[in-house]
Structure formats: C-alpha cells, structure tokens
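J.: The structure file my_file-v6.txt (compact mmCIF, C-alpha atoms and all ligand atoms) is provided below.
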```txt
# COMPACT_ATOMS: atom_id res chain seq x y z
CA MET A 12 0.00 0.00 0.00
CA PRO A 13 1.49 3.42 -0.90
CA ASP A 14 2.36 5.20 2.31
CA ILE A 15 1.12 8.76 1.86
CA GLN A 16 1.85 9.79 5.41
CA SER A 17 3.13 8.27 8.55
CA HIS A 18 0.39 8.10 11.18
CA ASN A 19 2.45 10.24 13.51
CA GLU A 20 2.87 12.96 10.90
CA ARG A 21 -0.80 13.88 10.84
CA PRO A 22 -1.65 17.06 8.98
CA TYR A 23 -3.21 19.76 11.15
CA LEU A 24 -5.95 21.70 9.38
CA GLY A 25 -7.24 23.83 12.27
CA PHE A 26 -10.95 24.50 12.75
CA GLY A 27 -13.50 23.48 10.13
CA LEU A 28 -17.16 22.90 9.42
CA GLY A 29 -19.24 20.29 7.66
CA LEU A 30 -20.13 21.59 4.19
CA ARG A 31 -23.93 21.75 3.91
CA THR A 32 -26.10 22.62 0.90
CA GLU A 33 -27.84 25.42 2.83
CA HIS A 34 -24.54 27.31 3.10
CA TYR A 35 -23.21 27.01 -0.47
CA GLU A 36 -24.21 30.52 -1.54
CA THR A 37 -23.00 32.21 1.65
CA ILE A 38 -19.65 30.47 1.36
CA VAL A 39 -18.97 31.47 -2.24
CA ASN A 40 -20.12 35.02 -1.55
CA ASP A 41 -18.34 35.61 1.77
CA TRP A 42 -15.46 33.08 1.84
CA PRO A 43 -15.90 32.78 5.60
CA LYS A 44 -13.27 32.21 8.25
CA ALA A 45 -13.41 28.44 8.42
CA ASP A 46 -10.02 26.77 7.98
CA TRP A 47 -11.40 23.75 6.07
CA PHE A 48 -14.55 21.83 5.18
CA GLU A 49 -15.58 18.23 5.61
CA VAL A 50 -17.79 17.00 2.75
CA LEU A 51 -20.23 14.11 2.87
CA SER A 52 -18.79 11.81 0.21
CA GLU A 53 -22.10 10.31 -0.93
CA ASN A 54 -23.52 13.75 -1.78
CA TYR A 55 -20.92 14.22 -4.50
CA MET A 56 -20.90 10.78 -6.11
CA VAL A 57 -22.91 12.14 -9.00
CA GLY A 58 -22.23 12.94 -12.63
CA GLY A 59 -22.65 16.69 -12.39
CA GLY A 60 -25.02 19.42 -11.24
CA LYS A 61 -25.13 22.00 -8.49
CA PRO A 62 -23.39 20.05 -5.70
CA LEU A 63 -20.28 19.40 -7.81
CA HIS A 64 -20.29 22.96 -9.11
CA TYR A 65 -20.15 24.35 -5.57
CA LEU A 66 -17.77 21.65 -4.40
CA ASP A 67 -15.19 22.60 -7.02
CA ARG A 68 -15.54 26.33 -6.35
CA ILE A 69 -15.23 25.92 -2.60
CA ARG A 70 -12.33 23.47 -2.96
CA GLU A 71 -10.35 26.17 -4.77
CA ARG A 72 -10.23 28.17 -1.53
CA TYR A 73 -10.31 25.61 1.30
CA PRO A 74 -8.69 22.31 2.27
CA MET A 75 -11.24 19.48 2.36
CA VAL A 76 -11.65 16.07 3.91
CA MET A 77 -14.15 13.40 2.83
CA HIS A 78 -16.54 11.73 5.27
CA GLY A 79 -18.74 8.79 4.28
CA VAL A 80 -21.62 6.86 5.82
CA SER A 81 -21.92 3.86 3.49
CA LEU A 82 -18.74 1.82 3.84
CA SER A 83 -20.25 -0.53 6.46
CA ILE A 84 -16.76 -1.63 7.46
CA GLY A 85 -18.20 -3.98 10.07
CA GLY A 86 -20.93 -5.40 7.83
CA GLY A 87 -21.43 -8.97 6.68
CA ASP A 88 -21.87 -8.22 2.98
CA PRO A 89 -18.76 -7.96 0.80
CA ILE A 90 -17.23 -4.48 0.58
CA ASP A 91 -18.99 -2.67 -2.27
CA ARG A 92 -16.34 -2.23 -5.00
CA GLU A 93 -18.56 0.12 -7.00
CA TYR A 94 -18.87 2.37 -3.95
CA LEU A 95 -15.09 2.28 -3.45
CA THR A 96 -14.54 3.13 -7.11
CA GLN A 97 -16.76 6.20 -6.79
CA LEU A 98 -15.09 7.17 -3.52
CA LYS A 99 -11.67 6.97 -5.15
CA ALA A 100 -12.83 9.03 -8.14
CA LEU A 101 -14.14 11.75 -5.81
CA ALA A 102 -10.84 11.72 -3.91
CA GLU A 103 -8.97 12.17 -7.17
CA ARG A 104 -11.22 15.12 -7.97
CA ILE A 105 -10.89 17.04 -4.72
CA GLN A 106 -7.62 15.69 -3.28
CA PRO A 107 -8.86 15.52 0.33
CA ALA A 108 -6.45 15.59 3.24
CA TRP A 109 -8.05 12.27 4.26
CA ILE A 110 -11.09 10.02 3.88
CA SER A 111 -13.16 8.83 6.83
CA ASP A 112 -16.14 6.61 7.60
CA HIS A 113 -17.56 4.97 10.72
CA LEU A 114 -16.64 1.92 12.77
CA CYS A 115 -20.05 0.31 12.40
CA TRP A 116 -22.28 -1.79 10.18
CA THR A 117 -25.24 -0.34 8.33
CA GLY A 118 -27.21 -3.30 6.98
CA LEU A 119 -27.22 -6.86 5.71
CA HIS A 120 -28.12 -8.77 2.53
CA GLY A 121 -27.98 -5.58 0.47
CA LYS A 122 -30.45 -3.70 2.69
CA ASN A 123 -29.14 -0.40 4.10
CA THR A 124 -30.75 0.65 7.39
CA HIS A 125 -29.18 4.14 7.13
CA ASP A 126 -28.23 3.68 10.78
CA LEU A 127 -24.67 3.49 12.04
CA LEU A 128 -24.97 0.34 14.12
CA PRO A 129 -22.42 -0.65 16.77
CA LEU A 130 -20.46 -3.90 16.65
CA PRO A 131 -19.96 -6.48 19.40
CA TYR A 132 -16.58 -5.87 21.03
CA THR A 133 -15.12 -9.33 20.38
CA GLU A 134 -11.99 -10.86 18.87
CA GLU A 135 -14.09 -12.20 16.00
CA ALA A 136 -15.37 -8.72 15.14
CA ILE A 137 -11.85 -7.26 15.39
CA ALA A 138 -10.47 -9.83 12.92
CA HIS A 139 -13.44 -9.25 10.58
CA VAL A 140 -13.05 -5.46 10.55
CA VAL A 141 -9.25 -5.51 10.28
CA ALA A 142 -9.41 -7.71 7.17
CA ARG A 143 -11.97 -5.39 5.58
CA ILE A 144 -9.95 -2.25 6.37
CA ALA A 145 -6.99 -3.88 4.58
CA GLN A 146 -9.18 -4.31 1.48
CA VAL A 147 -10.35 -0.70 1.58
CA GLN A 148 -6.93 0.81 2.25
CA GLY A 149 -5.40 -1.40 -0.44
CA PHE A 150 -8.01 -0.23 -2.97
CA LEU A 151 -7.76 3.45 -2.07
CA GLY A 152 -3.97 3.39 -1.68
CA ARG A 153 -4.13 5.35 1.56
CA ARG A 154 -4.97 5.00 5.22
CA ILE A 155 -8.55 5.78 6.18
CA LEU A 156 -9.91 7.31 9.39
CA LEU A 157 -12.62 5.48 11.29
CA GLU A 158 -15.03 7.30 13.59
CA ASN A 159 -16.45 6.02 16.88
CA VAL A 160 -20.26 5.93 16.65
CA SER A 161 -22.69 6.72 19.44
CA SER A 162 -24.68 3.72 20.66
CA TYR A 163 -27.87 2.92 22.49
CA VAL A 164 -27.50 -0.85 22.93
CA THR A 165 -24.71 -3.23 23.90
CA TYR A 166 -24.12 -6.89 23.06
CA THR A 167 -23.89 -9.59 25.73
CA GLN A 168 -21.06 -11.09 23.63
CA SER A 169 -18.79 -8.03 24.13
CA SER A 170 -15.74 -8.99 26.17
CA ILE A 171 -13.77 -5.71 26.14
CA SER A 172 -14.53 -1.98 26.29
CA GLU A 173 -15.35 0.08 23.23
CA TRP A 174 -12.04 1.93 23.43
CA GLU A 175 -10.07 -1.30 23.70
CA PHE A 176 -11.95 -2.61 20.65
CA LEU A 177 -11.29 0.58 18.69
CA SER A 178 -7.60 0.71 19.68
CA GLU A 179 -6.96 -2.91 18.75
CA ILE A 180 -8.52 -2.39 15.34
CA VAL A 181 -6.61 0.78 14.43
CA GLU A 182 -3.30 -0.69 15.54
CA ARG A 183 -3.76 -4.04 13.78
CA ALA A 184 -5.21 -2.50 10.62
CA ASP A 185 -2.77 0.45 10.62
CA CYS A 186 -5.56 2.95 10.08
CA LEU A 187 -6.34 6.29 11.75
CA LEU A 188 -9.00 7.65 14.09
CA LEU A 189 -11.67 10.30 13.90
CA LEU A 190 -12.79 10.82 17.48
CA ASP A 191 -16.30 12.19 17.83
CA ILE A 192 -16.24 13.87 21.23
CA ASN A 193 -20.02 14.14 21.40
CA ASN A 194 -20.39 10.44 20.57
CA ILE A 195 -18.05 9.55 23.42
CA TYR A 196 -20.14 11.72 25.76
CA VAL A 197 -23.45 10.25 24.50
CA SER A 198 -22.27 6.63 24.78
CA ALA A 199 -20.64 7.25 28.18
CA ARG A 200 -23.94 8.58 29.51
CA ASN A 201 -26.03 5.85 27.87
CA HIS A 202 -23.82 2.99 29.06
CA GLY A 203 -22.41 4.40 32.29
CA PHE A 204 -18.69 4.46 31.52
CA ASP A 205 -16.22 7.26 32.21
CA ALA A 206 -15.54 9.34 29.07
CA LEU A 207 -12.05 10.10 30.38
CA ASP A 208 -11.23 6.39 30.45
CA TYR A 209 -12.14 6.41 26.75
CA LEU A 210 -9.83 9.35 25.99
CA ARG A 211 -7.01 7.77 27.98
CA GLY A 212 -7.55 4.39 26.30
CA VAL A 213 -7.03 5.24 22.63
CA PRO A 214 -3.60 5.58 20.94
CA ALA A 215 -2.85 9.30 20.65
CA ALA A 216 -0.70 9.01 17.53
CA ARG A 217 -3.64 7.62 15.56
CA VAL A 218 -6.06 10.49 16.24
CA CYS A 219 -6.31 12.84 13.21
CA GLN A 220 -9.68 14.55 13.59
CA PHE A 221 -12.30 15.52 16.15
CA HIS A 222 -16.02 15.89 15.57
CA LEU A 223 -18.13 18.11 17.81
CA ALA A 224 -21.93 18.13 17.66
CA GLY A 225 -25.11 18.52 19.66
CA HIS A 226 -27.53 15.79 20.69
CA THR A 227 -31.01 15.42 22.17
CA THR A 228 -32.41 13.61 25.19
CA GLY A 229 -34.98 10.95 24.33
CA ASP A 230 -37.46 8.88 26.34
CA GLY A 231 -36.07 7.50 29.57
CA GLY A 232 -33.16 9.96 29.50
CA ILE A 233 -31.29 8.17 26.71
CA LEU A 234 -29.09 10.56 24.72
CA ILE A 235 -29.51 10.51 20.94
CA ASP A 236 -26.85 11.73 18.53
CA THR A 237 -29.04 13.99 16.39
CA HIS A 238 -26.64 16.76 15.31
CA ASP A 239 -29.48 19.26 15.51
CA HIS A 240 -28.43 21.40 18.48
CA PRO A 241 -25.37 23.39 19.52
CA VAL A 242 -22.61 21.60 21.41
CA ILE A 243 -23.45 21.46 25.13
CA ASP A 244 -21.12 22.60 27.93
CA PRO A 245 -20.11 19.13 29.20
CA VAL A 246 -19.05 18.22 25.64
CA TRP A 247 -16.96 21.40 25.46
CA THR A 248 -15.34 20.35 28.74
CA LEU A 249 -14.61 16.90 27.31
CA TYR A 250 -13.23 18.55 24.16
CA ALA A 251 -10.78 20.56 26.30
CA GLN A 252 -9.65 17.32 27.93
CA ALA A 253 -9.25 15.71 24.49
CA VAL A 254 -7.13 18.62 23.24
CA ARG A 255 -4.93 18.30 26.32
CA ARG A 256 -4.48 14.58 25.67
CA PHE A 257 -4.14 14.56 21.86
CA GLY A 258 -2.73 18.02 21.04
CA PHE A 259 -2.99 19.44 17.54
CA VAL A 260 -5.96 17.57 16.08
CA SER A 261 -8.12 19.13 13.33
CA THR A 262 -11.50 19.98 14.82
CA MET A 263 -14.89 20.52 13.21
CA ILE A 264 -18.54 21.01 14.09
CA GLU A 265 -21.20 18.78 12.53
CA ARG A 266 -24.74 20.06 12.10
CA ASP A 267 -27.28 18.02 10.16
CA GLY A 268 -30.65 19.20 11.49
CA ASN A 269 -32.07 22.61 12.45
CA ILE A 270 -29.30 24.02 10.31
CA PRO A 271 -28.78 27.67 11.32
CA PRO A 272 -27.23 30.47 9.24
CA LEU A 273 -23.54 29.91 8.66
CA ALA A 274 -22.66 32.84 10.95
CA GLU A 275 -24.07 30.93 13.91
CA LEU A 276 -21.91 27.89 13.22
CA LEU A 277 -18.87 30.12 12.75
CA THR A 278 -19.53 31.60 16.21
CA GLU A 279 -19.75 28.08 17.61
CA LEU A 280 -16.49 27.24 15.86
CA ASP A 281 -14.88 30.25 17.55
CA CYS A 282 -15.82 28.65 20.84
CA ALA A 283 -13.73 25.59 19.84
CA ARG A 284 -10.84 27.91 18.96
CA ARG A 285 -11.10 29.75 22.29
CA ILE A 286 -10.99 26.46 24.18
CA ALA A 287 -8.23 24.78 22.18
CA LYS A 288 -5.79 27.58 21.46
CA PRO A 289 -4.54 28.26 25.03
CA ILE A 290 -4.13 24.52 25.62
CA LEU A 291 -2.26 24.08 22.34
CA ALA A 292 -0.05 27.12 23.16
CA GLU A 293 0.74 25.55 26.53
CA LEU A 294 1.51 22.17 24.90
CA ALA A 295 3.74 23.83 22.29
CA ALA A 296 5.70 25.89 24.87
FE FE B 301 -19.41 12.49 14.05
```
I need this file expressed as structure tokens, please.
Ligand SMILES: [Fe+2]
T.:
Amino acid sequence: MPDIQSHNERPYLGFGLGLRTEHYETIVNDWPKADWFEVLSENYMVGGGKPLHYLDRIRERYPMVMHGVSLSIGGGDPIDREYLTQLKALAERIQPAWISDHLCWTGLHGKNTHDLLPLPYTEEAIAHVVARIAQVQGFLGRRILLENVSSYVTYTQSSISEWEFLSEIVERADCLLLLDINNIYVSARNHGFDALDYLRGVPAARVCQFHLAGHTTGDGGILIDTHDHPVIDPVWTLYAQAVRRFGFVSTMIERDGNIPPLAELLTELDCARRIAKPILAELAA
C-alpha cells in the first residue's frame, strides 16, 4: 500500500465545518473564516449538477476532507467495490487531506438501514473489521480514518470496552482515528462508563480529527446523537480534555438538522478555537 503519510505525521488543518447545501451561496459570496470543510462523500458521487459545481468552487479556496456513511466496514456483505470506485474518483477530484467513515455496520443482505450500528466488542469482530480495512486501504492506496459511533444498545457477547476494541482495530489495521467527542459523551452517559477512560484508552498518535456536535435527550433519558443542536457545555469540557491529551488535532462542528445560518456555526467554531488555542499554546511551549 502506498504510504502517503506516517500516522504520527498527521496534517493539522485547524478548525473546520461540515459543508452543507444550505450554506453554499453564503460560502462562495463571503469566503468565511473556516479553515477547512468536511464534505459528505455520498452527496458528491454524482455525474454533475449543483453540488459538484459548488464543491469545485469551494475546494479552490479551502482544504477538504471526505466523510462517508456507506462503507459498512463492520458489515457482513462484501465491501462494495462500486462504492469504493466512486469514492476513489471523488478523492482524485478534490484531493482531500483524508477520507473517513464509521466503525459500524449499516445493513445486511444488500439492505441499508441508514443507521450506524455498533459492533460487538469481540476478537471475531476485530479480525473481521481488520481484514476489511486492509481491502479498503489497499483499494484506495491510503490509510482511512474510522469514527467512533454513538450507541444505544450493547451486546452480551462483548468482552472488552469500546475503546479497547477501537484501539486494537486501528493498531492491527494500521488505520487512523476520527474521534467524535459528542459520541463519546453520548455513549458514556447511555452505558455508564467514564468518558475520560475512553480518551485515555485510545492511541494518541492515531487520532487525526475531532467531531463536535449537539444531541437530544430521548425517552427514559437516553441521549440521541441527532446533530441538531449546539454543542453542550459538558461536551466542550470533554473537548478541552481531548485537546490536552491529543494536542494538535483538526476539529470541526457537525450540524445536520435545524441548520442555522452559517454565521451561527462560525460563532460556535470560535468557541472551539477559544478552548483549544490556550491549551495548544501551553503544549507547544
Ligand atoms: Fe461524528
């Protein structure tokens, strides 16, 4: 596999946002103060039209990373080669700093649930996922990032913690990590583990990106990862702890529902900057 970057030479992009259709016009008119954009890969796997038009214009001014939801790296169906071919073509078009997807499965027997479902934390699942990551990285010719998903159920078969499962996979598969700080908070609350144990338990050199997002509280107090609210204070606190542990890691805010004007998200992104910059200055001193 071509080695485009050592995992401990991770590029640092600064503070970014998820690129959303609602903001296309504002971005190309104002060229706002976001350092980079994360694009949803599946939205641009098309032959032409408005999304690609804006993508190319915005790419001229900003670094980009690609984030997908359809890889189903933990799934039971074979890896979809057609999907990988389209993913690779998009990567050739926009030259992203990296490509990410989720450590999950999304369906079976060709049916996509459009949910990011958690895996059992077992040796069997580790071996299954590691072999599939090798296929994907071999096809793409680069390391991928995998993101921790939020979860609402656990499996009785699980024999280790989520962070041990995640760490074993990224080390054995030689891939990288996208840590979603809100997902850690949501899962910690739902399952009763300590989010700091999670942060302490993953290999720092593998962490290339952070996600920040809001969530909602459902029936029975379960937290649901909805991406339709601002980031809450305890997640900001956890973010500060993550910056202290992992250092210079590119950070972005995800918003997928109740999408506000771009200015509001830029203000929220400034909050990330205000939290991270003094810690990073201290770490760099
Ligand atoms: Fe995320």
J.: Taking all atoms listed in the file into account, which residues are within 9 Å of ligand FE 301 (chain B), as a list in words?
T.: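 These are the residues that qualify: His113, Glu158, Asn159, Val160, Ser161, Leu189, Leu190, Asp191, Ile192, Asn193, Asn194, Phe221, His222, Leu223, Ala224, Asp236, His238, Ile264 and Glu265 of chain A.
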J.: Determine, counting all atoms listed in the file, which protein, DNA and RNA residues have an atom within 12 Å of an atom of Pro245 in chain A; residues of the same chain fewer than 3 positions away are not included. Present the result as a PDB file with C-alpha atoms, keeping the file's coordinate frame.
T.:
```pdb
ATOM      1  CA  ILE A 192     -16.240  13.870  21.230  1.00  0.00           C
ATOM      2  CA  ASN A 193     -20.020  14.140  21.400  1.00  0.00           C
ATOM      3  CA  ILE A 195     -18.050   9.550  23.420  1.00  0.00           C
ATOM      4  CA  TYR A 196     -20.140  11.720  25.760  1.00  0.00           C
ATOM      5  CA  VAL A 197     -23.450  10.250  24.500  1.00  0.00           C
ATOM      6  CA  ALA A 199     -20.640   7.250  28.180  1.00  0.00           C
ATOM      7  CA  ARG A 200     -23.940   8.580  29.510  1.00  0.00           C
ATOM      8  CA  ALA A 206     -15.540   9.340  29.070  1.00  0.00           C
ATOM      9  CA  LEU A 223     -18.130  18.110  17.810  1.00  0.00           C
ATOM     10  CA  ALA A 224     -21.930  18.130  17.660  1.00  0.00           C
ATOM     11  CA  GLY A 225     -25.110  18.520  19.660  1.00  0.00           C
ATOM     12  CA  HIS A 226     -27.530  15.790  20.690  1.00  0.00           C
ATOM     13  CA  PRO A 241     -25.370  23.390  19.520  1.00  0.00           C
ATOM     14  CA  VAL A 242     -22.610  21.600  21.410  1.00  0.00           C
ATOM     15  CA  THR A 248     -15.340  20.350  28.740  1.00  0.00           C
ATOM     16  CA  LEU A 249     -14.610  16.900  27.310  1.00  0.00           C
ATOM     17  CA  TYR A 250     -13.230  18.550  24.160  1.00  0.00           C
ATOM     18  CA  ALA A 251     -10.780  20.560  26.300  1.00  0.00           C
ATOM     19  CA  GLN A 252      -9.650  17.320  27.930  1.00  0.00           C
TER      20      GLN A 252
END
```
J.: Of the residues A:Ile38, A:Ala295, A:Leu95, A:Leu177, which is the one nearest to Ala138 in chain A, using all atoms listed in the file?
T.: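 Among A:Ile38, A:Ala295, A:Leu95, A:Leu177, it is A:Leu177 that comes nearest to Ala138 in chain A.
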J.: Expressed in Å to a single decimal, how great is the separation between CA of Pro272 in chain A and CA of Tyr65 in chain A?
T.: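 Taking CA of Pro272 in chain A and CA of Tyr65 in chain A, their separation equals 17.5 Å.
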J.: Taking a cut-off of 12 Å and counting only C-alpha atoms, can you build a table that, for each residue of range 126-220 of chain A near range 100-103 of chain A, reports the nearest atom pair and how far apart they are in Å (one decimal), sorted by chain then residue number, as a Markdown table?
T.:
```
| residue | atom | partner | partner_atom | distance |
| --- | --- | --- | --- | --- |
| A:Phe150 | CA | A:Ala100 | CA | 11.6 |
| A:Leu151 | CA | A:Ala102 | CA | 9.0 |
| A:Gly152 | CA | A:Ala102 | CA | 11.0 |
| A:Arg153 | CA | A:Ala102 | CA | 10.7 |
| A:Ile155 | CA | A:Ala102 | CA | 11.9 |
```
J.: Between A:Thr37, A:Thr165, A:Arg21, A:Ile290, which has the minimum distance to Ala274 in chain A (counting only C-alpha atoms)?
T.: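 Distance minimum relative to Ala274 in chain A lands on A:Thr37.
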J.: So that I can check the surroundings of Leu234 in chain A, please list as a ChimeraX atom specification every protein, DNA and RNA residue that reaches within 9 Å of it, counting only C-alpha atoms and ignoring chain neighbours fewer than 4 positions away.
T.: /A:163,197-198,200-201,226-230
J.: Excluding range 69-74 of chain A and any residue of its chain fewer than 3 positions from it, enumerate the residues within 9 Å of it, using all atoms listed in the file, and give them as a PDB file with C-alpha atoms, in the frame of the given file.
T.:
```pdb
ATOM      1  CA  LEU A  24      -5.950  21.700   9.380  1.00  0.00           C
ATOM      2  CA  TYR A  35     -23.210  27.010  -0.470  1.00  0.00           C
ATOM      3  CA  ILE A  38     -19.650  30.470   1.360  1.00  0.00           C
ATOM      4  CA  VAL A  39     -18.970  31.470  -2.240  1.00  0.00           C
ATOM      5  CA  TRP A  42     -15.460  33.080   1.840  1.00  0.00           C
ATOM      6  CA  ALA A  45     -13.410  28.440   8.420  1.00  0.00           C
ATOM      7  CA  ASP A  46     -10.020  26.770   7.980  1.00  0.00           C
ATOM      8  CA  TRP A  47     -11.400  23.750   6.070  1.00  0.00           C
ATOM      9  CA  PHE A  48     -14.550  21.830   5.180  1.00  0.00           C
ATOM     10  CA  GLU A  49     -15.580  18.230   5.610  1.00  0.00           C
ATOM     11  CA  HIS A  64     -20.290  22.960  -9.110  1.00  0.00           C
ATOM     12  CA  TYR A  65     -20.150  24.350  -5.570  1.00  0.00           C
ATOM     13  CA  LEU A  66     -17.770  21.650  -4.400  1.00  0.00           C
ATOM     14  CA  ILE A 105     -10.890  17.040  -4.720  1.00  0.00           C
ATOM     15  CA  GLN A 106      -7.620  15.690  -3.280  1.00  0.00           C
ATOM     16  CA  PRO A 107      -8.860  15.520   0.330  1.00  0.00           C
ATOM     17  CA  ALA A 108      -6.450  15.590   3.240  1.00  0.00           C
TER      18      ALA A 108
END
```
J.: Quick check, in Å to one decimal: how far apart do CA of Pro62 in chain A and CA of Gln97 in chain A lie?
T.: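 If I compute the distance from CA of Pro62 in chain A to CA of Gln97 in chain A, I get 15.4 Å.
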J.: If I take CA of Val140 in chain A and CA of Gly85 in chain A, how far is one from the other in Å, to one decimal?
T.: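 According to the coordinates, CA of Val140 in chain A and CA of Gly85 in chain A are separated by 5.4 Å.
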J.: Could you pull the residues within 7 Å of Val260 in chain A, counting only C-alpha atoms, minus those fewer than 2 positions along the same chain, as a list in words?
T.: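 What passes the distance filter is Tyr23, Cys219, Gln220, Phe221, Phe257, Gly258 and Thr262 of chain A.
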J.: Using all atoms listed in the file, which of the listed residues (A:Gly231, A:Gly149, A:Gly79, A:Gly59) sits closest to Cys115 in chain A?
T.: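 Under the stated criterion, the closest residue is A:Gly79.
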J.: For His125 in chain A, which residue among A:Ser83, A:Arg31, A:Asp67, A:Thr167 is the nearest when counting all atoms listed in the file?
T.: A:Ser83
J.: Here is a test: counting only C-alpha atoms, which residue of A:Met77, A:Leu276, A:Ile270, A:Leu291 is nearest to Arg256 in chain A?
T.: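 Of the candidates, the smallest distance to Arg256 in chain A is held by A:Leu291.
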J.: Which residues are near Ala283 in chain A? Cut-off 8 Å, only C-alpha atoms, ignore same chain within fewer than 2 positions. Put them as a list in words.
T.: Phe26, Trp247, Thr262, Glu279, Leu280, Asp281, Arg285, Ile286 and Ala287 of chain A
J.: Please, can range 72-100 of chain A be completed to N, CA and C atoms and returned as a tab-separated table (two decimals), in the frame of the given file?
T.:
```
chain	number	residue	atom	x	y	z
A	72	ARG	N	-10.65	27.26	-2.60
A	72	ARG	CA	-10.23	28.17	-1.53
A	72	ARG	C	-9.93	27.48	-0.20
A	73	TYR	N	-10.43	26.25	-0.02
A	73	TYR	CA	-10.31	25.61	1.30
A	73	TYR	C	-9.79	24.18	1.19
A	74	PRO	N	-8.99	23.75	2.17
A	74	PRO	CA	-8.69	22.31	2.27
A	74	PRO	C	-9.99	21.55	2.55
A	75	MET	N	-10.05	20.30	2.11
A	75	MET	CA	-11.24	19.48	2.36
A	75	MET	C	-10.84	18.10	2.83
A	76	VAL	N	-11.77	17.50	3.59
A	76	VAL	CA	-11.65	16.07	3.91
A	76	VAL	C	-12.98	15.43	3.52
A	77	MET	N	-12.93	14.13	3.25
A	77	MET	CA	-14.15	13.40	2.83
A	77	MET	C	-14.62	12.50	3.96
A	78	HIS	N	-15.95	12.51	4.18
A	78	HIS	CA	-16.54	11.73	5.27
A	78	HIS	C	-17.72	10.94	4.71
A	79	GLY	N	-17.68	9.62	4.86
A	79	GLY	CA	-18.74	8.79	4.28
A	79	GLY	C	-19.57	8.09	5.35
A	80	VAL	N	-20.73	7.58	4.90
A	80	VAL	CA	-21.62	6.86	5.82
A	80	VAL	C	-22.01	5.49	5.29
A	81	SER	N	-21.43	5.07	4.17
A	81	SER	CA	-21.92	3.86	3.49
A	81	SER	C	-20.93	2.72	3.40
A	82	LEU	N	-19.76	2.86	3.99
A	82	LEU	CA	-18.74	1.82	3.84
A	82	LEU	C	-19.15	0.52	4.53
A	83	SER	N	-19.84	0.64	5.67
A	83	SER	CA	-20.25	-0.53	6.46
A	83	SER	C	-19.06	-1.46	6.70
A	84	ILE	N	-18.02	-0.89	7.29
A	84	ILE	CA	-16.76	-1.63	7.46
A	84	ILE	C	-16.95	-2.86	8.36
A	85	GLY	N	-17.96	-2.82	9.21
A	85	GLY	CA	-18.20	-3.98	10.07
A	85	GLY	C	-19.26	-4.93	9.54
A	86	GLY	N	-19.79	-4.64	8.36
A	86	GLY	CA	-20.93	-5.40	7.83
A	86	GLY	C	-20.57	-6.81	7.38
A	87	GLY	N	-21.61	-7.58	7.12
A	87	GLY	CA	-21.43	-8.97	6.68
A	87	GLY	C	-21.40	-9.13	5.18
A	88	ASP	N	-21.91	-8.15	4.44
A	88	ASP	CA	-21.87	-8.22	2.98
A	88	ASP	C	-20.46	-7.88	2.50
A	89	PRO	N	-20.07	-8.36	1.32
A	89	PRO	CA	-18.76	-7.96	0.80
A	89	PRO	C	-18.66	-6.44	0.67
A	90	ILE	N	-17.44	-5.91	0.80
A	90	ILE	CA	-17.23	-4.48	0.58
A	90	ILE	C	-17.68	-4.14	-0.85
A	91	ASP	N	-18.41	-3.07	-0.98
A	91	ASP	CA	-18.99	-2.67	-2.27
A	91	ASP	C	-17.91	-2.01	-3.14
A	92	ARG	N	-17.44	-2.74	-4.16
A	92	ARG	CA	-16.34	-2.23	-5.00
A	92	ARG	C	-16.79	-1.02	-5.82
A	93	GLU	N	-18.06	-1.01	-6.22
A	93	GLU	CA	-18.56	0.12	-7.00
A	93	GLU	C	-18.53	1.39	-6.14
A	94	TYR	N	-18.92	1.23	-4.88
A	94	TYR	CA	-18.87	2.37	-3.95
A	94	TYR	C	-17.42	2.86	-3.80
A	95	LEU	N	-16.50	1.91	-3.62
A	95	LEU	CA	-15.09	2.28	-3.45
A	95	LEU	C	-14.54	2.98	-4.70
A	96	THR	N	-15.00	2.52	-5.85
A	96	THR	CA	-14.54	3.13	-7.11
A	96	THR	C	-15.00	4.59	-7.18
A	97	GLN	N	-16.25	4.82	-6.78
A	97	GLN	CA	-16.76	6.20	-6.79
A	97	GLN	C	-16.07	7.06	-5.74
A	98	LEU	N	-15.78	6.44	-4.59
A	98	LEU	CA	-15.09	7.17	-3.52
A	98	LEU	C	-13.70	7.60	-3.99
A	99	LYS	N	-13.02	6.68	-4.67
A	99	LYS	CA	-11.67	6.97	-5.15
A	99	LYS	C	-11.70	8.06	-6.22
A	100	ALA	N	-12.71	8.01	-7.08
A	100	ALA	CA	-12.83	9.03	-8.14
A	100	ALA	C	-13.06	10.41	-7.52
```
